[in-house]
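**Q** Input structure: start-v7.csv, which contains CSV, C-alpha atoms.
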chain,number,residue,atom,x,y,z
W,140,MET,CA,-46.3,98.2,11.0
W,141,SER,CA,-45.5,101.6,9.6
W,142,LEU,CA,-42.3,102.6,7.8
W,143,THR,CA,-41.0,104.0,11.0
W,144,SER,CA,-41.7,100.7,12.8
W,145,HIS,CA,-39.7,98.8,10.1
W,146,LEU,CA,-36.8,101.3,10.4
W,147,LYS,CA,-36.6,100.7,14.2
W,148,ASP,CA,-35.8,97.1,13.5
W,149,PRO,CA,-32.2,96.9,12.1
W,150,ARG,CA,-33.0,93.4,10.8
W,151,SER,CA,-35.9,94.4,8.6
W,152,PRO,CA,-35.3,94.3,4.8
W,153,ILE,CA,-35.7,98.1,4.4
W,154,SER,CA,-33.3,98.8,7.3
W,155,ARG,CA,-30.7,96.5,5.9
W,156,PHE,CA,-31.0,97.8,2.4
W,157,LEU,CA,-30.7,101.4,3.4
W,158,ALA,CA,-27.8,100.8,5.8
W,159,GLU,CA,-25.9,98.9,3.1
W,160,GLN,CA,-26.7,101.2,0.1
W,161,LEU,CA,-26.9,104.6,1.9
W,162,PRO,CA,-24.5,104.3,4.8
W,163,ASP,CA,-23.4,107.9,5.4
W,164,THR,CA,-26.2,109.4,7.4
W,165,LYS,CA,-23.7,111.5,9.4
W,166,ALA,CA,-23.0,113.6,6.3
W,167,VAL,CA,-26.6,114.5,5.9
W,168,MET,CA,-27.1,115.2,9.6
W,169,THR,CA,-24.0,117.5,9.6
W,170,ASP,CA,-25.3,119.5,6.7
W,171,TYR,CA,-28.8,119.7,8.3
W,172,ARG,CA,-27.4,121.0,11.6
W,173,GLU,CA,-25.4,123.7,9.9
W,174,ARG,CA,-28.5,125.0,8.2
W,175,LEU,CA,-30.6,124.6,11.3
W,176,ALA,CA,-28.4,127.1,13.1
W,177,ARG,CA,-29.8,129.9,10.9
W,178,PHE,CA,-33.3,129.5,12.4
W,179,PRO,CA,-34.6,130.7,15.8
W,180,ALA,CA,-35.3,128.3,18.7
W,181,PRO,CA,-38.4,126.1,18.3
W,182,LEU,CA,-41.8,127.4,19.6
W,183,LEU,CA,-42.8,125.5,22.8
W,184,PRO,CA,-46.3,124.6,23.7
W,185,ARG,CA,-47.7,126.3,26.8
W,186,ALA,CA,-49.9,123.8,28.5
W,187,GLU,CA,-52.1,124.8,31.5
W,188,ALA,CA,-51.0,123.9,35.0
W,189,GLY,CA,-51.2,120.2,35.6
W,190,LEU,CA,-51.3,119.3,31.9
W,191,LYS,CA,-48.4,117.7,30.0
W,192,PRO,CA,-48.3,118.5,26.3
W,193,GLU,CA,-49.1,115.6,24.1
W,194,TYR,CA,-46.3,116.2,21.6
W,195,ARG,CA,-47.1,113.4,19.2
W,196,MET,CA,-50.7,114.4,19.0
W,197,LEU,CA,-49.8,118.0,18.5
W,198,GLY,CA,-47.6,116.8,15.6
W,199,HIS,CA,-50.5,115.0,14.0
W,200,THR,CA,-52.7,118.1,14.5
W,201,ILE,CA,-50.4,120.6,12.8
W,202,ASP,CA,-50.1,118.1,9.9
W,203,HIS,CA,-53.9,118.0,9.5
W,204,ARG,CA,-54.2,121.8,9.8
W,205,LEU,CA,-51.5,122.2,7.1
W,206,ARG,CA,-53.3,119.8,4.9
W,207,ILE,CA,-56.4,121.9,5.1
W,208,SER,CA,-54.5,124.9,3.9
W,209,LEU,CA,-53.6,122.8,0.9
W,210,GLY,CA,-57.3,122.0,0.3
W,211,ALA,CA,-57.1,118.4,1.5
W,212,PRO,CA,-59.0,118.2,4.9
W,213,THR,CA,-59.3,114.4,5.3
W,214,GLY,CA,-57.3,111.4,4.3
W,215,ALA,CA,-57.5,107.6,4.4
W,216,PRO,CA,-55.9,107.3,7.9
W,217,ILE,CA,-58.7,109.5,9.5
W,218,LYS,CA,-61.5,107.7,7.6
W,219,GLU,CA,-60.1,104.3,8.3
W,220,GLY,CA,-59.5,105.2,12.0
W,221,ILE,CA,-63.3,105.8,12.3
W,222,VAL,CA,-63.9,102.3,10.9
W,223,ARG,CA,-61.3,100.7,13.1
W,224,ALA,CA,-62.8,102.2,16.2
W,225,VAL,CA,-64.8,99.0,16.5
W,226,LEU,CA,-61.6,97.2,17.6
W,227,ASP,CA,-61.6,97.7,21.3
W,228,ASP,CA,-58.6,97.1,23.7
W,229,ASP,CA,-59.8,94.1,25.7
W,230,GLY,CA,-63.2,95.6,26.4
W,231,TRP,CA,-62.1,99.3,26.5
W,232,PRO,CA,-63.9,101.5,25.7
W,233,SER,CA,-67.4,100.2,26.0
W,234,ARG,CA,-69.6,99.5,23.0
W,235,ASP,CA,-71.8,102.5,23.8
W,236,VAL,CA,-68.7,104.8,23.8
W,237,ILE,CA,-67.5,103.3,20.5
W,238,ARG,CA,-70.9,103.9,18.9
W,239,ALA,CA,-70.9,107.5,20.1
W,240,VAL,CA,-67.3,108.1,18.9
W,241,GLN,CA,-68.0,106.6,15.4
W,242,GLN,CA,-71.1,108.7,15.0
W,243,ALA,CA,-69.1,111.8,16.0
W,244,GLY,CA,-66.4,110.8,13.5
W,245,ASP,CA,-68.8,110.6,10.6
W,246,THR,CA,-70.2,114.0,11.5
W,247,MET,CA,-66.6,115.3,11.7
W,248,LEU,CA,-65.9,114.1,8.2
W,249,GLU,CA,-68.9,115.9,6.9
W,250,GLU,CA,-67.8,119.2,8.5
W,251,LEU,CA,-64.2,118.9,7.4
W,252,ALA,CA,-65.3,118.1,3.8
W,253,ARG,CA,-66.3,121.7,3.3
W,254,PHE,CA,-62.7,122.7,3.4
W,255,GLU,CA,-61.8,120.6,0.4
W,256,ASN,CA,-60.8,123.0,-2.3
W,257,ASP,CA,-58.6,122.8,-5.4
W,258,THR,CA,-57.4,126.4,-4.8
W,259,GLY,CA,-56.2,125.8,-1.2
W,260,GLN,CA,-57.4,127.5,2.0
W,261,PRO,CA,-56.1,130.4,4.1
W,262,LEU,CA,-53.5,129.7,6.8
W,263,SER,CA,-55.7,131.4,9.3
W,264,LEU,CA,-59.4,131.9,9.5
W,265,ALA,CA,-61.6,134.2,11.6
W,266,PRO,CA,-60.9,133.6,15.3
W,267,ALA,CA,-63.9,131.5,16.2
W,268,GLU,CA,-63.8,129.5,13.0
W,269,GLU,CA,-60.1,128.9,13.4
W,270,ASP,CA,-60.6,127.8,17.0
W,271,ARG,CA,-63.2,125.2,15.9
W,272,LEU,CA,-61.1,124.0,13.0
W,273,ILE,CA,-58.0,123.4,15.1
W,274,ARG,CA,-60.1,121.4,17.6
W,275,LEU,CA,-61.6,119.4,14.8
W,276,CYS,CA,-58.0,118.6,13.6
W,277,HIS,CA,-57.1,117.5,17.0
W,278,VAL,CA,-60.1,115.1,17.2
W,279,ALA,CA,-59.1,113.8,13.8
W,280,SER,CA,-55.7,113.1,15.1
W,281,SER,CA,-57.2,110.8,17.7
W,282,PHE,CA,-58.9,108.8,14.9
W,283,GLU,CA,-55.6,108.6,13.1
W,284,ALA,CA,-54.0,107.2,16.3
W,285,ILE,CA,-56.7,104.4,16.2
W,286,PHE,CA,-55.7,103.7,12.5
W,287,ARG,CA,-52.0,103.6,13.3
W,288,HIS,CA,-52.5,101.3,16.2
W,289,CYS,CA,-55.0,99.1,14.3
W,290,GLY,CA,-57.6,99.7,17.0
W,291,TRP,CA,-57.9,101.4,20.4
W,292,MET,CA,-55.0,102.0,22.7
W,293,ARG,CA,-55.7,103.0,26.3
W,294,GLY,CA,-55.0,106.7,26.8
W,295,ASN,CA,-56.7,107.8,23.6
W,296,THR,CA,-58.9,110.7,24.9
W,297,LEU,CA,-61.8,109.7,22.6
W,298,GLY,CA,-62.3,106.6,24.8
W,299,LEU,CA,-62.8,108.7,27.9
W,300,CYS,CA,-66.0,110.5,26.6
W,301,ALA,CA,-69.5,109.7,27.8
W,302,PRO,CA,-71.7,107.3,25.8
W,303,SER,CA,-74.0,110.3,25.0
W,304,SER,CA,-71.2,112.4,23.6
W,305,THR,CA,-71.6,114.3,20.3
W,306,LEU,CA,-69.0,115.8,18.1
W,307,ASP,CA,-69.5,119.2,19.8
W,308,ASP,CA,-68.6,117.5,23.1
W,309,LEU,CA,-65.4,116.0,21.7
W,310,VAL,CA,-64.4,119.4,20.2
W,311,GLU,CA,-65.1,121.2,23.5
W,312,ALA,CA,-62.9,118.7,25.4
W,313,VAL,CA,-59.8,119.7,23.4
W,314,ALA,CA,-57.5,121.7,25.7
W,315,ASP,CA,-57.1,125.4,25.0
W,316,TYR,CA,-53.3,125.1,24.9
W,317,VAL,CA,-53.7,123.0,21.8
W,318,VAL,CA,-55.5,125.7,20.0
W,319,ASP,CA,-52.9,128.3,21.0
W,320,ASP,CA,-50.0,126.1,20.0
W,321,ILE,CA,-51.3,125.2,16.6
W,322,ARG,CA,-52.4,128.7,15.8
W,323,GLN,CA,-48.8,129.9,16.5
W,324,GLN,CA,-47.4,127.1,14.3
W,325,MET,CA,-49.7,128.2,11.5
W,326,GLN,CA,-48.4,131.7,11.8
W,327,LEU,CA,-44.8,130.3,11.4
W,328,ALA,CA,-46.0,128.3,8.4
W,329,ALA,CA,-46.7,131.6,6.6
W,330,HIS,CA,-43.6,133.5,7.7
W,331,PRO,CA,-40.8,132.4,7.7
W,332,GLY,CA,-42.3,129.2,6.5
W,333,PRO,CA,-43.2,128.4,2.9
W,334,PHE,CA,-46.9,127.4,3.1
W,335,ASP,CA,-48.3,130.8,2.1
W,336,THR,CA,-46.8,130.1,-1.3
W,337,LEU,CA,-47.2,126.3,-1.4
W,338,ARG,CA,-51.0,126.5,-0.7
W,339,LEU,CA,-51.3,128.5,-4.0
W,340,LEU,CA,-49.7,125.8,-6.1
W,341,ASP,CA,-51.8,124.2,-8.8
W,342,ALA,CA,-53.9,121.4,-7.4
W,343,SER,CA,-52.0,118.8,-9.5
W,344,ALA,CA,-48.8,119.9,-7.7
W,345,ARG,CA,-50.2,119.4,-4.2
W,346,ILE,CA,-50.3,115.8,-2.9
W,347,CYS,CA,-51.2,115.2,0.7
W,348,GLY,CA,-50.6,111.8,2.3
W,349,PRO,CA,-48.9,110.3,-0.8
W,350,VAL,CA,-48.5,106.5,-1.0
W,351,PHE,CA,-46.0,104.7,-3.1
W,352,ASP,CA,-45.6,101.5,-5.2
W,353,GLY,CA,-43.8,99.8,-2.3
W,354,SER,CA,-45.9,101.2,0.5
W,355,LEU,CA,-47.7,97.9,1.3
W,356,GLN,CA,-44.3,96.1,1.6
W,357,VAL,CA,-43.5,98.3,4.7
W,358,GLY,CA,-46.9,98.4,6.4
W,359,GLY,CA,-48.7,100.9,4.1
W,360,ALA,CA,-46.3,103.8,4.3
W,361,ASP,CA,-47.7,107.2,3.5
W,362,ALA,CA,-45.7,110.4,3.6
W,363,ASP,CA,-46.9,113.9,4.6
W,364,PHE,CA,-46.7,115.9,1.4
W,365,ILE,CA,-45.3,116.1,-2.1
W,366,LEU,CA,-45.5,119.7,-3.2
W,367,ASP,CA,-44.2,120.8,-6.6
W,368,GLY,CA,-42.0,117.7,-6.7
W,369,THR,CA,-40.6,118.1,-3.2
W,370,LEU,CA,-41.2,115.3,-0.7
W,371,ILE,CA,-41.8,116.9,2.7
W,372,ASP,CA,-41.9,115.3,6.0
W,373,CYS,CA,-43.4,117.5,8.7
W,374,LYS,CA,-41.8,117.4,12.2
W,375,ALA,CA,-43.3,119.3,15.2
W,376,THR,CA,-40.2,118.6,17.3
W,377,ILE,CA,-39.1,120.7,20.2
W,378,ARG,CA,-35.6,119.3,19.8
W,379,PRO,CA,-34.7,119.7,16.1
W,380,GLU,CA,-31.0,119.4,16.9
W,381,ARG,CA,-31.6,115.7,17.8
W,382,MET,CA,-31.9,114.6,14.3
W,383,SER,CA,-31.1,110.9,13.9
W,384,ARG,CA,-30.5,108.4,11.2
W,385,SER,CA,-34.1,107.2,11.6
W,386,GLU,CA,-35.5,110.5,10.3
W,387,ILE,CA,-33.0,110.6,7.4
W,388,TYR,CA,-33.8,107.0,6.4
W,389,GLN,CA,-37.5,107.8,6.6
W,390,LEU,CA,-37.1,110.3,3.8
W,391,ALA,CA,-34.8,107.9,1.9
W,392,GLY,CA,-37.4,105.1,2.3
W,393,TYR,CA,-40.2,107.1,0.9
W,394,LEU,CA,-38.0,108.2,-2.0
W,395,LEU,CA,-37.0,104.6,-2.9
W,396,LEU,CA,-40.5,103.2,-2.5
W,397,ASP,CA,-41.7,105.3,-5.4
W,398,TYR,CA,-40.4,102.5,-7.7
W,399,SER,CA,-42.0,103.7,-10.9
W,400,ASN,CA,-41.3,107.4,-10.3
W,401,THR,CA,-45.0,108.1,-10.1
W,402,HIS,CA,-44.5,111.3,-8.1
W,403,SER,CA,-41.4,112.7,-10.0
W,404,ILE,CA,-39.7,113.6,-6.7
W,405,SER,CA,-36.8,116.0,-7.3
W,406,THR,CA,-36.2,117.2,-3.8
W,407,VAL,CA,-36.6,115.8,-0.3
W,408,ALA,CA,-37.1,118.1,2.8
W,409,LEU,CA,-37.9,118.3,6.5
W,410,TYR,CA,-40.4,120.9,7.5
W,411,LEU,CA,-39.8,122.0,11.2
W,412,SER,CA,-43.2,123.4,12.0
W,413,ARG,CA,-42.1,125.0,15.3
W,414,GLN,CA,-39.6,127.1,13.5
W,415,GLY,CA,-41.1,127.6,10.1
W,416,ALA,CA,-38.0,126.0,8.7
W,417,LEU,CA,-37.9,124.0,5.4
W,418,ILE,CA,-34.5,122.2,5.1
W,419,GLY,CA,-34.1,120.1,1.9
W,420,TRP,CA,-31.8,118.6,-0.6
W,421,SER,CA,-32.0,117.8,-4.3
W,422,VAL,CA,-32.3,114.1,-4.8
W,423,GLU,CA,-28.8,114.0,-6.3
W,424,ASP,CA,-27.3,115.8,-3.4
W,425,PHE,CA,-29.2,113.7,-0.8
W,426,LEU,CA,-28.1,110.4,-2.3
W,427,GLY,CA,-24.5,111.8,-2.7
W,428,LEU,CA,-24.3,112.8,0.9
W,429,LEU,CA,-25.6,109.4,1.9
W,430,GLY,CA,-22.8,107.7,0.0
W,431,ALA,CA,-24.9,106.1,-2.7
W,432,ARG,CA,-22.9,104.1,-5.3
W,433,HIS,CA,-25.8,103.8,-7.7
W,434,ASP,CA,-28.3,106.2,-9.3
W,435,LEU,CA,-31.9,106.5,-8.1
W,436,ALA,CA,-33.5,104.3,-10.7
W,437,THR,CA,-31.1,101.5,-9.9
W,438,LEU,CA,-31.6,101.8,-6.2
W,439,ARG,CA,-35.4,101.7,-6.6
W,440,GLU,CA,-35.2,98.5,-8.6
W,441,ALA,CA,-32.9,96.9,-6.1
W,442,CYS,CA,-35.0,98.1,-3.2
W,443,CYS,CA,-38.1,96.5,-4.8
W,444,HIS,CA,-36.1,93.3,-5.3
W,445,ALA,CA,-35.0,93.2,-1.7
W,446,LEU,CA,-38.5,94.0,-0.3
W,447,THR,CA,-40.3,91.4,-2.4
W,448,GLY,CA,-37.9,88.6,-1.8
W,449,GLY,CA,-36.6,88.7,-5.3
W,450,GLN,CA,-40.0,88.4,-6.9
W,451,HIS,CA,-39.9,91.8,-8.5
W,452,GLY,CA,-37.3,94.4,-9.3
W,453,THR,CA,-33.7,93.9,-10.3
W,454,PRO,CA,-30.8,93.1,-8.0
W,455,LEU,CA,-27.8,95.3,-7.8
W,456,PRO,CA,-24.7,94.3,-9.8
W,457,PRO,CA,-22.0,92.4,-7.8
W,458,PRO,CA,-20.1,94.9,-5.6
W,459,ASP,CA,-16.5,95.9,-6.4
W,460,PRO,CA,-14.4,93.7,-4.2
W,461,ALA,CA,-12.0,96.7,-3.7
W,462,ARG,CA,-14.8,98.6,-2.0
W,463,PRO,CA,-16.8,96.3,0.3
W,464,LEU,CA,-20.2,97.4,1.4
W,465,PRO,CA,-20.5,98.4,5.1
W,466,ARG,CA,-22.3,96.0,7.5
W,467,PRO,CA,-25.7,97.2,8.7
W,468,ARG,CA,-25.7,98.6,12.1
W,469,ALA,CA,-27.3,96.5,14.8
W,470,ALA,CA,-27.9,99.2,17.4
W,471,SER,CA,-30.9,98.8,19.6
W,472,PRO,CA,-33.8,100.9,18.4
W,473,ALA,CA,-34.1,102.2,22.0
W,474,LEU,CA,-30.8,103.9,21.5
W,475,GLN,CA,-31.9,105.8,18.5
W,476,PRO,CA,-33.4,109.2,19.6
W,477,SER,CA,-36.6,110.4,18.0
W,478,LEU,CA,-37.6,113.9,17.0
W,479,PHE,CA,-40.7,113.4,19.1
W,480,ASP,CA,-38.7,113.0,22.3
W,481,GLN,CA,-40.3,115.1,25.0
W,482,LEU,CA,-38.9,117.6,27.5
W,483,ASP,CA,-37.3,116.1,30.6
Using structure tokens, write down the structure from this file.
**A**
Amino acid sequence: MSLTSHLKDPRSPISRFLAEQLPDTKAVMTDYRERLARFPAPLLPRAEAGLKPEYRMLGHTIDHRLRISLGAPTGAPIKEGIVRAVLDDDGWPSRDVIRAVQQAGDTMLEELARFENDTGQPLSLAPAEEDRLIRLCHVASSFEAIFRHCGWMRGNTLGLCAPSSTLDDLVEAVADYVVDDIRQQMQLAAHPGPFDTLRLLDASARICGPVFDGSLQVGGADADFILDGTLIDCKATIRPERMSRSEIYQLAGYLLLDYSNTHSISTVALYLSRQGALIGWSVEDFLGLLGARHDLATLREACCHALTGGQHGTPLPPPDPARPLPRPRAASPALQPSLFDQLD
């Protein structure tokens, strides 16, 4: 289970802790929406007739392409996805297809490795090279889907290839609208987005796919970026106004899971890739808006204590009886809208 999966369960330890200690998500959402109004409407994908955009996959693809601009072309989820491709879904796909897909994945890693660079990469390459790179990122997203699902899930387009398929075949099978959509999002990343500057940060200030001290306690949570002390979660949503407490708690969860302050996070932010919008808060403002009654270090210790069943960390001091803590919400996860909701 990922952090988002844990947050969908109101009874999970992390959900209960966040609801009790950071109860005022509405204040953050109000501030977010006020600043969102300054940006233009989100870019919409233009799929060919008969094709429905795969919004979640497009979100993973822009994330991978942005990572390449930061000099980090591959990560553990992609590599592990290639390994986990041996785990079929009740006989689907066939053994022959799995072998072909894994071989293509290994070749893909070799090709992507040449984009690894401590000085970052351009946000846009020559047309033919950019086209190929975006398609590679989309194929990589399908391997990440295998990783996130702990094996194959029917509908993954990699499983529909022929047993004789090569990497070139998988790349050519990526729909043209994907290339067009990601190319436009990368243009927004440069202007009005911040990535033309962020990609030039010193390599030590660019962390892609960061994990945290408490990651394993919530299914191996990994965030998108920590850039110059700013924790950034990338959202390729077409409905940015539908921010929910789940997305706010995702940021808060990552922040608290860094028990030992390894990443020295000073700011948390959402990057809306279809608008080039970076909306963030200092850690102090973020916790203040959420109604925190303790400082970050104390909350991290208490979070560790809650998630390890009291084996580690330090519990919070007894609450002031004059200010009782709110009860955790027990709303059905199905009623909590997601930023990845699709068009009707």
**Q** Taking (-40.0, 121.3, 11.7) in the file's coordinates as the center, which residues reach within 8 Å of it, counting all atoms listed in the file, put as a list in words?
**A**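 Those within range, by chain then number, are Cys373, Lys374, Ala375, Thr376, Pro379, Leu409, Tyr410, Leu411, Ser412, Arg413, Gln414, Gly415, Ala416 and Leu417 of chain W.
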**Q** Separation of atom CA of Ser144 of chain W and atom CA of Val357 of chain W, in Å?
**A**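 Interatomic distance, atom CA of Ser144 of chain W to atom CA of Val357 of chain W: 8.6 Å.
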**Q** Fewer than 2 positions away in the same chain doesn't count, so skip those; otherwise give me all residues within 12 Å of Gln242 of chain W, counting all atoms listed in the file, as a list of chain:residue names.
**A** W:Ile221, W:Val222, W:Ala224, W:Val225, W:Asp235, W:Val236, W:Ile237, W:Arg238, W:Ala239, W:Val240, W:Gly244, W:Asp245, W:Thr246, W:Met247, W:Leu248, W:Glu249, W:Pro302, W:Ser303, W:Ser304, W:Thr305, W:Leu306, W:Asp307, W:Leu309
**Q** Kindly give the distance, in Å, that separates atom CA of Tyr316 of chain W and atom CA of Met292 of chain W, rounded to a single decimal.
**A**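 Pair atom CA of Tyr316 of chain W / atom CA of Met292 of chain W returns 23.3 Å.
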**Q** My list of candidates is W:Ile153, W:Leu395, W:Met325, W:Ala211. Which is closest to Leu182 of chain W when distances are computed with all atoms listed in the file?
**A** W:Met325
**Q** Between W:Arg432, W:Lys218, W:Arg384, W:His451, which has the minimum distance to Met168 of chain W (counting only C-alpha atoms)?
**A**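 Closest to Met168 of chain W, using only C-alpha atoms: W:Arg384.
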**Q** Can you tell me, as a ChimeraX atom specification, what residues are no more than 8 Å from segment 190-196 of chain W when counting only C-alpha atoms, ignoring any on the same chain fewer than 3 positions away?
**A** /W:184-187,199-200,277,280-281,375-376,479,481
**Q** May I ask for the distance between atom CA of Leu197 of chain W and atom CA of Arg234 of chain W, given in Å to one decimal place?
**A**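 A separation of 27.5 Å between them.
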**Q** Need to verify the contact set: Trp291 of chain W, 9 Å, all atoms listed in the file, exclusion of same-chain residues closer than 5 positions in sequence. Can you return it as a PyMOL selection string?
**A** chain W and resi 223-228+231-232+284-286+298
